[in-house]
$ cat coords21.tsv   # TSV, C-alpha atoms
chain	number	residue	atom	x	y	z
A	1	MET	CA	60.93	37.59	-282.78
A	2	LYS	CA	59.57	37.87	-279.27
A	3	THR	CA	56.11	38.59	-280.69
A	4	ASN	CA	56.21	35.44	-282.84
A	5	TYR	CA	57.26	33.39	-279.82
A	6	LEU	CA	54.39	34.73	-277.76
A	7	LEU	CA	51.92	34.00	-280.58
A	8	LEU	CA	53.20	30.42	-280.86
A	9	LEU	CA	52.98	29.95	-277.10
A	10	ALA	CA	49.42	31.27	-277.10
A	11	LEU	CA	48.48	28.91	-279.94
A	12	LEU	CA	49.95	25.87	-278.18
A	13	THR	CA	48.18	26.83	-274.96
A	14	CYS	CA	44.89	27.12	-276.85
A	15	VAL	CA	45.33	23.69	-278.44
A	16	ALA	CA	46.17	22.13	-275.07
A	17	CYS	CA	42.99	23.58	-273.58
A	18	HIS	CA	40.83	22.04	-276.31
A	19	PRO	CA	41.31	18.26	-276.54
A	20	PRO	CA	40.65	16.63	-279.92
A	21	THR	CA	37.08	15.80	-280.85
A	22	PRO	CA	36.22	12.21	-279.85
A	23	SER	CA	35.96	9.75	-282.72
A	24	PRO	CA	32.33	9.15	-283.76
A	25	GLU	CA	30.39	6.07	-282.77
A	26	ARG	CA	29.84	3.42	-285.43
A	27	LEU	CA	27.98	0.16	-286.01
A	28	GLU	CA	29.85	-2.80	-287.47
A	29	THR	CA	28.42	-6.01	-288.91
A	30	ILE	CA	30.65	-8.95	-287.98
A	31	PRO	CA	30.40	-12.27	-289.90
A	32	TYR	CA	30.71	-15.68	-288.26
A	33	ILE	CA	29.86	-19.34	-288.87
A	34	SER	CA	27.31	-20.65	-286.38
A	35	ASP	CA	28.47	-23.68	-284.43
A	36	THR	CA	24.81	-24.69	-284.14
A	37	ASP	CA	24.06	-25.31	-287.83
A	38	GLN	CA	27.17	-24.14	-289.74
A	39	SER	CA	25.19	-21.29	-291.32
A	40	GLU	CA	26.81	-17.99	-292.31
A	41	ARG	CA	25.49	-15.29	-290.03
A	42	ASN	CA	26.32	-11.82	-288.73
A	43	TYR	CA	26.09	-9.97	-285.45
A	44	TYR	CA	26.15	-6.26	-284.69
A	45	LEU	CA	29.00	-4.66	-282.80
A	46	TYR	CA	28.49	-1.10	-281.58
A	47	ILE	CA	31.70	0.92	-281.23
A	48	PRO	CA	31.20	3.84	-278.81
A	49	LYS	CA	32.12	7.46	-279.28
A	50	GLY	CA	35.77	8.03	-278.46
A	51	TYR	CA	36.90	4.44	-279.00
A	52	ASP	CA	39.32	5.36	-281.81
A	53	SER	CA	40.62	8.50	-280.12
A	54	GLU	CA	41.11	7.22	-276.56
A	55	ASP	CA	43.76	4.62	-275.79
A	56	LYS	CA	41.96	2.66	-273.10
A	57	ASP	CA	40.04	-0.57	-272.54
A	58	TRP	CA	36.25	-0.50	-272.77
A	59	PRO	CA	33.44	-2.33	-270.97
A	60	VAL	CA	31.29	-4.73	-273.01
A	61	ILE	CA	27.57	-5.56	-273.04
A	62	LEU	CA	26.33	-8.76	-274.66
A	63	PHE	CA	22.64	-8.16	-275.37
A	64	LEU	CA	20.13	-10.96	-276.05
A	65	HIS	CA	16.91	-9.88	-277.79
A	66	GLY	CA	13.37	-11.22	-277.43
A	67	ASN	CA	11.46	-13.80	-279.45
A	68	GLY	CA	10.08	-11.32	-281.98
A	69	GLU	CA	13.52	-10.35	-283.27
A	70	ARG	CA	14.72	-13.80	-284.40
A	71	GLY	CA	15.98	-14.19	-287.94
A	72	ASN	CA	18.51	-15.46	-290.43
A	73	GLY	CA	21.42	-13.33	-289.21
A	74	GLN	CA	21.67	-11.69	-292.62
A	75	GLU	CA	19.24	-9.00	-293.83
A	76	GLU	CA	16.87	-9.93	-290.99
A	77	LEU	CA	19.52	-8.86	-288.46
A	78	ALA	CA	17.91	-5.41	-288.71
A	79	TYR	CA	14.99	-6.69	-286.61
A	80	THR	CA	17.28	-6.82	-283.57
A	81	MET	CA	17.51	-3.03	-283.61
A	82	ALA	CA	13.98	-2.81	-282.18
A	83	HIS	CA	14.89	-2.63	-278.49
A	84	GLY	CA	17.73	-2.61	-275.99
A	85	PRO	CA	21.03	-0.82	-275.43
A	86	ILE	CA	22.14	-0.67	-279.09
A	87	TYR	CA	18.77	0.81	-280.04
A	88	GLU	CA	19.39	3.43	-277.36
A	89	ALA	CA	22.97	4.15	-278.45
A	90	TRP	CA	22.66	3.91	-282.22
A	91	VAL	CA	19.07	4.84	-283.09
A	92	GLN	CA	18.44	7.25	-280.20
A	93	ARG	CA	22.03	8.58	-280.34
A	94	ARG	CA	22.75	8.26	-276.64
A	95	ASP	CA	26.37	8.39	-275.52
A	96	LEU	CA	26.71	4.98	-273.85
A	97	PRO	CA	30.37	4.10	-273.19
A	98	PHE	CA	30.27	0.38	-274.00
A	99	LEU	CA	31.26	-1.93	-276.78
A	100	MET	CA	27.99	-3.78	-277.44
A	101	ILE	CA	27.51	-7.19	-279.03
A	102	MET	CA	24.06	-7.96	-280.45
A	103	PRO	CA	23.55	-11.36	-282.12
A	104	GLN	CA	20.34	-12.71	-283.65
A	105	LEU	CA	18.78	-15.95	-282.46
A	106	HIS	CA	17.96	-18.54	-285.13
A	107	MET	CA	14.31	-19.17	-285.97
A	108	PHE	CA	14.64	-22.86	-285.13
A	109	GLY	CA	11.32	-23.45	-286.92
A	110	LEU	CA	9.25	-20.99	-284.88
A	111	ASP	CA	8.33	-19.14	-288.08
A	112	THR	CA	6.28	-22.20	-289.11
A	113	LEU	CA	4.03	-22.15	-286.04
A	114	GLY	CA	1.78	-19.27	-287.08
A	115	ILE	CA	3.02	-16.85	-284.41
A	116	PRO	CA	1.52	-13.49	-285.47
A	117	TYR	CA	4.35	-11.22	-284.36
A	118	LEU	CA	6.81	-13.32	-286.39
A	119	GLN	CA	4.59	-13.70	-289.45
A	120	ASN	CA	3.54	-10.06	-289.67
A	121	ARG	CA	6.95	-8.40	-289.44
A	122	ASP	CA	8.12	-5.85	-291.98
A	123	LEU	CA	11.82	-5.04	-292.40
A	124	ASN	CA	10.89	-1.60	-293.69
A	125	LYS	CA	9.51	-0.81	-290.25
A	126	ALA	CA	12.59	-1.91	-288.32
A	127	PRO	CA	14.07	1.06	-286.39
A	128	LYS	CA	16.85	2.86	-288.24
A	129	ARG	CA	19.33	5.59	-287.40
A	130	LEU	CA	18.30	8.87	-289.00
A	131	LYS	CA	20.77	11.19	-290.75
A	132	SER	CA	19.90	13.76	-288.11
A	133	GLY	CA	17.73	13.68	-285.03
A	134	THR	CA	16.06	10.62	-283.55
A	135	PRO	CA	12.82	8.77	-284.33
A	136	GLN	CA	9.88	8.85	-281.97
A	137	ARG	CA	9.90	6.09	-279.39
A	138	GLU	CA	7.19	3.42	-279.42
A	139	ALA	CA	4.29	3.86	-277.02
A	140	PHE	CA	3.91	1.39	-274.17
A	141	PHE	CA	1.60	-1.57	-274.65
A	142	THR	CA	-1.98	-1.04	-273.55
A	143	THR	CA	-2.87	-3.30	-270.63
A	144	HIS	CA	-6.01	-3.57	-268.56
A	145	SER	CA	-4.63	-5.93	-265.94
A	146	PRO	CA	-5.09	-4.62	-262.40
A	147	MET	CA	-2.13	-3.74	-260.22
A	148	ASN	CA	-2.88	-6.10	-257.35
A	149	GLY	CA	0.34	-8.05	-256.85
A	150	GLN	CA	0.72	-11.79	-257.32
A	151	VAL	CA	1.47	-14.78	-255.12
A	152	ALA	CA	4.63	-16.80	-255.81
A	153	ASN	CA	4.05	-19.75	-258.13
A	154	ASP	CA	6.56	-22.55	-258.72
A	155	SER	CA	4.38	-24.44	-261.22
A	156	PHE	CA	6.51	-23.09	-264.05
A	157	PRO	CA	5.01	-23.02	-267.56
A	158	TYR	CA	8.43	-23.59	-269.17
A	159	GLN	CA	11.43	-25.86	-268.83
A	160	GLN	CA	14.42	-25.03	-266.67
A	161	TYR	CA	16.00	-22.81	-269.34
A	162	GLY	CA	12.79	-20.98	-270.30
A	163	PRO	CA	10.62	-21.18	-273.43
A	164	MET	CA	11.48	-23.63	-276.19
A	165	ARG	CA	14.35	-23.18	-278.64
A	166	GLY	CA	16.00	-20.30	-276.82
A	167	TRP	CA	19.46	-18.83	-276.41
A	168	GLU	CA	20.84	-21.96	-274.76
A	169	MET	CA	20.91	-23.49	-278.26
A	170	VAL	CA	23.56	-21.01	-279.44
A	171	GLU	CA	25.72	-20.97	-276.31
A	172	LYS	CA	28.94	-21.69	-278.22
A	173	ASP	CA	28.18	-18.92	-280.72
A	174	LEU	CA	27.80	-16.38	-277.92
A	175	LEU	CA	31.07	-17.43	-276.31
A	176	HIS	CA	32.79	-17.16	-279.70
A	177	MET	CA	31.52	-13.60	-280.16
A	178	ILE	CA	32.83	-12.50	-276.79
A	179	ALA	CA	36.20	-14.16	-277.44
A	180	GLN	CA	36.45	-12.54	-280.88
A	181	VAL	CA	35.70	-9.07	-279.54
A	182	LYS	CA	38.23	-9.58	-276.73
A	183	ASP	CA	40.88	-10.58	-279.28
A	184	GLU	CA	40.24	-7.81	-281.81
A	185	TYR	CA	39.17	-4.81	-279.70
A	186	ARG	CA	40.33	-3.09	-276.53
A	187	VAL	CA	38.19	-4.77	-273.88
A	188	ASP	CA	38.19	-4.29	-270.13
A	189	GLU	CA	37.81	-7.96	-269.21
A	190	SER	CA	36.76	-7.04	-265.68
A	191	LYS	CA	33.68	-5.30	-267.09
A	192	ILE	CA	31.84	-7.74	-269.38
A	193	TYR	CA	28.09	-7.58	-268.80
A	194	LEU	CA	25.13	-9.68	-269.94
A	195	SER	CA	21.66	-8.26	-270.52
A	196	GLY	CA	18.54	-9.52	-272.25
A	197	LEU	CA	14.79	-9.11	-272.48
A	198	SER	CA	11.97	-11.68	-272.53
A	199	TYR	CA	13.47	-14.71	-274.37
A	200	GLY	CA	16.76	-12.89	-273.90
A	201	GLY	CA	16.02	-12.53	-270.19
A	202	PHE	CA	15.76	-16.31	-269.90
A	203	GLY	CA	18.96	-16.55	-271.94
A	204	THR	CA	20.65	-14.15	-269.56
A	205	TRP	CA	19.86	-16.36	-266.58
A	206	TYR	CA	21.10	-19.40	-268.50
A	207	MET	CA	24.37	-17.93	-269.75
A	208	GLY	CA	25.05	-16.19	-266.46
A	209	SER	CA	24.59	-19.39	-264.48
A	210	LYS	CA	26.70	-21.48	-266.86
A	211	HIS	CA	29.55	-18.97	-267.12
A	212	PRO	CA	29.64	-16.99	-263.85
A	213	ASP	CA	33.40	-16.45	-264.19
A	214	LEU	CA	32.89	-14.51	-267.42
A	215	PHE	CA	30.38	-11.82	-266.50
A	216	ALA	CA	30.85	-8.96	-264.06
A	217	ALA	CA	27.06	-8.60	-263.75
A	218	ILE	CA	23.87	-9.86	-265.39
A	219	HIS	CA	20.67	-7.97	-266.11
A	220	PRO	CA	17.60	-10.06	-267.06
A	221	VAL	CA	14.44	-8.15	-268.00
A	222	VAL	CA	10.95	-9.75	-268.06
A	223	GLY	CA	12.45	-13.24	-268.01
A	224	TRP	CA	12.49	-15.27	-264.79
A	225	GLY	CA	15.27	-17.54	-263.61
A	226	HIS	CA	14.58	-21.12	-262.57
A	227	PRO	CA	15.72	-21.96	-259.01
A	228	ASP	CA	17.96	-24.72	-260.38
A	229	LEU	CA	20.12	-22.06	-262.08
A	230	MET	CA	20.76	-20.08	-258.91
A	231	PRO	CA	23.46	-22.05	-257.01
A	232	SER	CA	26.34	-21.08	-259.32
A	233	LEU	CA	25.27	-17.42	-259.34
A	234	ALA	CA	25.03	-17.39	-255.56
A	235	HIS	CA	28.37	-19.19	-255.18
A	236	HIS	CA	30.12	-16.56	-257.30
A	237	GLN	CA	28.06	-13.70	-255.84
A	238	THR	CA	27.37	-12.49	-259.38
A	239	PRO	CA	25.74	-9.04	-259.24
A	240	ILE	CA	22.19	-9.28	-260.62
A	241	TRP	CA	19.51	-6.72	-261.33
A	242	CYS	CA	16.31	-8.36	-262.53
A	243	PHE	CA	13.20	-6.53	-263.76
A	244	ALA	CA	9.59	-7.70	-264.09
A	245	GLY	CA	6.38	-6.02	-265.19
A	246	GLY	CA	3.68	-6.05	-262.54
A	247	ARG	CA	0.97	-6.18	-265.22
A	248	ASP	CA	2.82	-8.56	-267.53
A	249	GLU	CA	0.40	-11.20	-268.83
A	250	VAL	CA	3.11	-12.92	-270.93
A	251	ILE	CA	5.81	-13.55	-268.30
A	252	LYS	CA	3.95	-13.17	-265.03
A	253	VAL	CA	5.73	-11.81	-262.00
A	254	GLU	CA	4.55	-14.74	-259.86
A	255	TYR	CA	7.14	-16.97	-261.55
A	256	PHE	CA	10.04	-14.68	-260.63
A	257	TYR	CA	9.71	-15.16	-256.87
A	258	PRO	CA	10.90	-18.79	-256.54
A	259	GLY	CA	14.22	-18.01	-258.22
A	260	MET	CA	14.74	-14.79	-256.30
A	261	ASN	CA	13.89	-16.53	-253.03
A	262	ALA	CA	16.36	-19.28	-253.95
A	263	LEU	CA	19.10	-16.67	-254.35
A	264	ASP	CA	18.23	-15.25	-250.96
A	265	SER	CA	18.23	-18.64	-249.25
A	266	LEU	CA	21.59	-19.48	-250.84
A	267	GLY	CA	23.14	-16.40	-249.25
A	268	HIS	CA	23.38	-14.23	-252.36
A	269	ARG	CA	23.73	-10.61	-251.24
A	270	GLN	CA	24.32	-8.85	-254.54
A	271	PHE	CA	21.00	-9.10	-256.32
A	272	LYS	CA	18.21	-6.60	-256.85
A	273	PHE	CA	14.68	-7.35	-258.04
A	274	THR	CA	12.56	-4.51	-259.36
A	275	THR	CA	8.93	-4.81	-260.41
A	276	GLU	CA	7.53	-2.00	-262.53
A	277	GLU	CA	4.01	-2.39	-261.16
A	278	ASP	CA	2.34	-0.12	-263.73
A	279	LEU	CA	3.86	-1.78	-266.81
A	280	GLY	CA	3.24	-4.93	-268.83
A	281	HIS	CA	5.58	-7.11	-270.87
A	282	ASP	CA	7.33	-4.14	-272.51
A	283	THR	CA	8.83	-3.05	-269.20
A	284	TRP	CA	12.13	-3.11	-271.11
A	285	LYS	CA	11.28	0.19	-272.80
A	286	ARG	CA	11.51	2.07	-269.51
A	287	VAL	CA	14.48	0.08	-268.27
A	288	TYR	CA	16.75	0.61	-271.27
A	289	ALA	CA	15.59	4.20	-271.85
A	290	GLY	CA	16.73	5.14	-268.35
A	291	GLU	CA	20.18	5.81	-266.93
A	292	ASP	CA	20.17	3.62	-263.83
A	293	ILE	CA	20.96	0.27	-265.41
A	294	TYR	CA	23.99	1.57	-267.33
A	295	ASN	CA	25.39	3.34	-264.27
A	296	TRP	CA	24.82	0.20	-262.21
A	297	MET	CA	26.65	-1.99	-264.71
A	298	LEU	CA	29.62	0.37	-264.84
A	299	SER	CA	29.84	0.19	-261.05
A	300	GLN	CA	30.32	-3.60	-261.19
A	301	SER	CA	33.73	-5.14	-261.88
A	302	LYS	CA	34.99	-8.70	-261.90
A	303	GLN	CA	37.62	-9.15	-259.23
$ encode --input "coords21.tsv" --output "structure tokens"
Amino acid sequence: MKTNYLLLLALLTCVACHPPTPSPERLETIPYISDTDQSERNYYLYIPKGYDSEDKDWPVILFLHGNGERGNGQEELAYTMAHGPIYEAWVQRRDLPFLMIMPQLHMFGLDTLGIPYLQNRDLNKAPKRLKSGTPQREAFFTTHSPMNGQVANDSFPYQQYGPMRGWEMVEKDLLHMIAQVKDEYRVDESKIYLSGLSYGGFGTWYMGSKHPDLFAAIHPVVGWGHPDLMPSLAHHQTPIWCFAGGRDEVIKVEYFYPGMNALDSLGHRQFKFTTEEDLGHDTWKRVYAGEDIYNWMLSQSKQ
């Protein structure tokens, strides 16, 4: 009898020393009706490893993609997997402890303008999660622009909110997605973050400035912010980490300075501006492939 008791005690001790395996990560496709045009669309929601096995609230990233990943929000949603934090977590199998929302911006007629990178897309080439292992990452763009710095320029080539027909046109959709995830999943409402690249970088500045009470931090990449958007961000002291490519010929670094200087003059003390001098427009590849931005976001909380 004593022997059986000791065996049971040893077994219980062993179990206690080995916590259960975390639940696996998964990717959900969430349907919604767009407020913009009443179309039926979907967005991706990444559920991190351990979500189903750990009774806690989780931080959230809303990610806004670039112009080349627009689509119908149905089968074309796969194009959004090309870059960003969900690409890192789902395709590259990195353990990133966030719920992640990734919508798809409407075409809004841009597919009729003869833009090569929209016309020449192929869904079969969209990044996919492999059954085992990870696919090779894309190479950086080739650029021959010199690394010689640029002078600030406030003769902006775009309107206040960035290039035409951007994320500002689906503002209500984005707010709906965040509200839905907050209602249906365990969300740490003090840790809701906003990140985006290129067109999504402009959208990040826009949404962050219009809803500073919502986001614990914003992270625009290769998209500059117009000075007119800065007062609300400075007033709320919203933590910001902005990235530009020093050799970017698409969104030139010279246009970033007026907005960053406006933040400084308005007394904002929680922003960082990093220029990757050796990179072009695809600076986002280095940014999202690294660890720094995720650690920085997790260190920011809404008070």
$ closest_residue --input "coords21.tsv" --among "A:Thr36, A:Leu45, A:Leu62, A:Phe98" --to "Asn295 (chain A)" --atoms "only C-alpha atoms"
A:Phe98
$ closest_residue --input "coords21.tsv" --among "A:Met297, A:Trp284, A:Glu28, A:Ile240" --to "Arg269 (chain A)" --atoms "only C-alpha atoms"
A:Ile240
$ atom_distance --input "coords21.tsv" --atom1 "CA of Met230 (chain A)" --atom2 "CA of Leu298 (chain A)"
23.1 Å
$ closest_atom_pairs --input "coords21.tsv" --of "region 5-119 of chain A" --to "region 201-204 of chain A" --cutoff "10 Å" --atoms "all atoms listed in the file" --output "Markdown table"
| residue | atom | partner | partner_atom | distance |
| --- | --- | --- | --- | --- |
| A:Leu62 | CA | A:Thr204 | CA | 9.3 |
| A:Phe63 | CA | A:Thr204 | CA | 8.6 |
| A:Leu64 | CA | A:Gly203 | CA | 7.0 |
| A:His65 | CA | A:Gly201 | CA | 8.1 |
| A:Gly66 | CA | A:Gly201 | CA | 7.8 |
$ write_last_selection --input "coords21.tsv" --atoms "C-alpha atoms" --output "PDB file, in the frame of the given file"
ATOM      1  CA  LEU A  62      26.330  -8.760-274.660  1.00  0.00           C
ATOM      2  CA  PHE A  63      22.640  -8.160-275.370  1.00  0.00           C
ATOM      3  CA  LEU A  64      20.130 -10.960-276.050  1.00  0.00           C
ATOM      4  CA  HIS A  65      16.910  -9.880-277.790  1.00  0.00           C
ATOM      5  CA  GLY A  66      13.370 -11.220-277.430  1.00  0.00           C
TER       6      GLY A  66
END
$ atom_distance --input "coords21.tsv" --atom1 "CA of Val91 (chain A)" --atom2 "CA of Gln136 (chain A)"
10.1 Å
$ atom_distance --input "coords21.tsv" --atom1 "CA of His268 (chain A)" --atom2 "CA of Met207 (chain A)"
17.8 Å
$ decode --input "coords21.tsv" --residues "region 228-258 of chain A" --atoms "N, CA and C atoms" --output "JSON list (two decimals), in the first residue's frame"
[["chain", "number", "residue", "atom", "x", "y", "z"],
["A", 228, "ASP", "N", -0.38, 68.02, -40.01],
["A", 228, "ASP", "CA", -1.72, 68.32, -39.51],
["A", 228, "ASP", "C", -2.30, 67.19, -38.65],
["A", 229, "LEU", "N", -1.73, 65.99, -38.75],
["A", 229, "LEU", "CA", -2.22, 64.85, -37.97],
["A", 229, "LEU", "C", -1.56, 64.74, -36.60],
["A", 230, "MET", "N", -0.54, 65.56, -36.36],
["A", 230, "MET", "CA", 0.28, 65.36, -35.17],
["A", 230, "MET", "C", -0.28, 65.92, -33.86],
["A", 231, "PRO", "N", -1.09, 66.99, -33.86],
["A", 231, "PRO", "CA", -1.53, 67.54, -32.57],
["A", 231, "PRO", "C", -2.22, 66.54, -31.64],
["A", 232, "SER", "N", -3.12, 65.71, -32.16],
["A", 232, "SER", "CA", -3.82, 64.78, -31.27],
["A", 232, "SER", "C", -2.87, 63.72, -30.73],
["A", 233, "LEU", "N", -1.91, 63.28, -31.55],
["A", 233, "LEU", "CA", -0.93, 62.29, -31.09],
["A", 233, "LEU", "C", -0.03, 62.88, -30.01],
["A", 234, "ALA", "N", 0.37, 64.13, -30.20],
["A", 234, "ALA", "CA", 1.20, 64.79, -29.21],
["A", 234, "ALA", "C", 0.42, 65.05, -27.92],
["A", 235, "HIS", "N", -0.83, 65.45, -28.06],
["A", 235, "HIS", "CA", -1.66, 65.73, -26.88],
["A", 235, "HIS", "C", -1.82, 64.49, -26.01],
["A", 236, "HIS", "N", -2.00, 63.34, -26.65],
["A", 236, "HIS", "CA", -2.18, 62.09, -25.91],
["A", 236, "HIS", "C", -0.85, 61.38, -25.62],
["A", 237, "GLN", "N", 0.25, 61.96, -26.10],
["A", 237, "GLN", "CA", 1.57, 61.35, -25.92],
["A", 237, "GLN", "C", 1.55, 59.87, -26.35],
["A", 238, "THR", "N", 0.94, 59.62, -27.51],
["A", 238, "THR", "CA", 0.87, 58.27, -28.05],
["A", 238, "THR", "C", 2.27, 57.78, -28.41],
["A", 239, "PRO", "N", 2.73, 56.67, -27.87],
["A", 239, "PRO", "CA", 4.04, 56.14, -28.26],
["A", 239, "PRO", "C", 4.06, 55.80, -29.75],
["A", 240, "ILE", "N", 5.11, 56.24, -30.44],
["A", 240, "ILE", "CA", 5.24, 56.08, -31.89],
["A", 240, "ILE", "C", 6.65, 55.60, -32.20],
["A", 241, "TRP", "N", 6.73, 54.62, -33.07],
["A", 241, "TRP", "CA", 8.03, 54.24, -33.65],
["A", 241, "TRP", "C", 7.83, 54.17, -35.16],
["A", 242, "CYS", "N", 8.41, 55.12, -35.85],
["A", 242, "CYS", "CA", 8.26, 55.26, -37.30],
["A", 242, "CYS", "C", 9.56, 54.84, -37.99],
["A", 243, "PHE", "N", 9.42, 54.14, -39.12],
["A", 243, "PHE", "CA", 10.57, 53.69, -39.90],
["A", 243, "PHE", "C", 10.49, 54.23, -41.32],
["A", 244, "ALA", "N", 11.66, 54.61, -41.86],
["A", 244, "ALA", "CA", 11.79, 55.01, -43.26],
["A", 244, "ALA", "C", 12.99, 54.30, -43.87],
["A", 245, "GLY", "N", 12.99, 54.21, -45.19],
["A", 245, "GLY", "CA", 14.14, 53.67, -45.91],
["A", 245, "GLY", "C", 14.96, 54.80, -46.49],
["A", 246, "GLY", "N", 16.23, 54.85, -46.14],
["A", 246, "GLY", "CA", 17.08, 55.93, -46.61],
["A", 246, "GLY", "C", 17.23, 55.98, -48.12],
["A", 247, "ARG", "N", 17.05, 54.83, -48.78],
["A", 247, "ARG", "CA", 17.18, 54.77, -50.24],
["A", 247, "ARG", "C", 15.83, 54.53, -50.91],
["A", 248, "ASP", "N", 14.77, 54.86, -50.20],
["A", 248, "ASP", "CA", 13.41, 54.65, -50.72],
["A", 248, "ASP", "C", 13.10, 55.71, -51.78],
["A", 249, "GLU", "N", 12.87, 55.27, -53.00],
["A", 249, "GLU", "CA", 12.52, 56.18, -54.09],
["A", 249, "GLU", "C", 11.00, 56.30, -54.25],
["A", 250, "VAL", "N", 10.24, 55.51, -53.50],
["A", 250, "VAL", "CA", 8.78, 55.56, -53.58],
["A", 250, "VAL", "C", 8.22, 56.54, -52.56],
["A", 251, "ILE", "N", 8.57, 56.34, -51.30],
["A", 251, "ILE", "CA", 8.17, 57.23, -50.20],
["A", 251, "ILE", "C", 9.46, 57.80, -49.61],
["A", 252, "LYS", "N", 9.88, 58.93, -50.12],
["A", 252, "LYS", "CA", 11.20, 59.45, -49.78],
["A", 252, "LYS", "C", 11.26, 59.96, -48.35],
["A", 253, "VAL", "N", 12.42, 59.76, -47.75],
["A", 253, "VAL", "CA", 12.59, 60.11, -46.34],
["A", 253, "VAL", "C", 12.45, 61.61, -46.11],
["A", 254, "GLU", "N", 12.69, 62.42, -47.12],
["A", 254, "GLU", "CA", 12.59, 63.88, -46.94],
["A", 254, "GLU", "C", 11.21, 64.32, -46.49],
["A", 255, "TYR", "N", 10.17, 63.53, -46.83],
["A", 255, "TYR", "CA", 8.81, 63.92, -46.46],
["A", 255, "TYR", "C", 8.44, 63.49, -45.04],
["A", 256, "PHE", "N", 9.28, 62.71, -44.40],
["A", 256, "PHE", "CA", 9.01, 62.30, -43.01],
["A", 256, "PHE", "C", 9.34, 63.42, -42.03],
["A", 257, "TYR", "N", 10.35, 64.22, -42.34],
["A", 257, "TYR", "CA", 10.87, 65.18, -41.36],
["A", 257, "TYR", "C", 9.86, 66.22, -40.90],
["A", 258, "PRO", "N", 9.05, 66.82, -41.79],
["A", 258, "PRO", "CA", 8.10, 67.83, -41.29],
["A", 258, "PRO", "C", 7.17, 67.29, -40.20]]
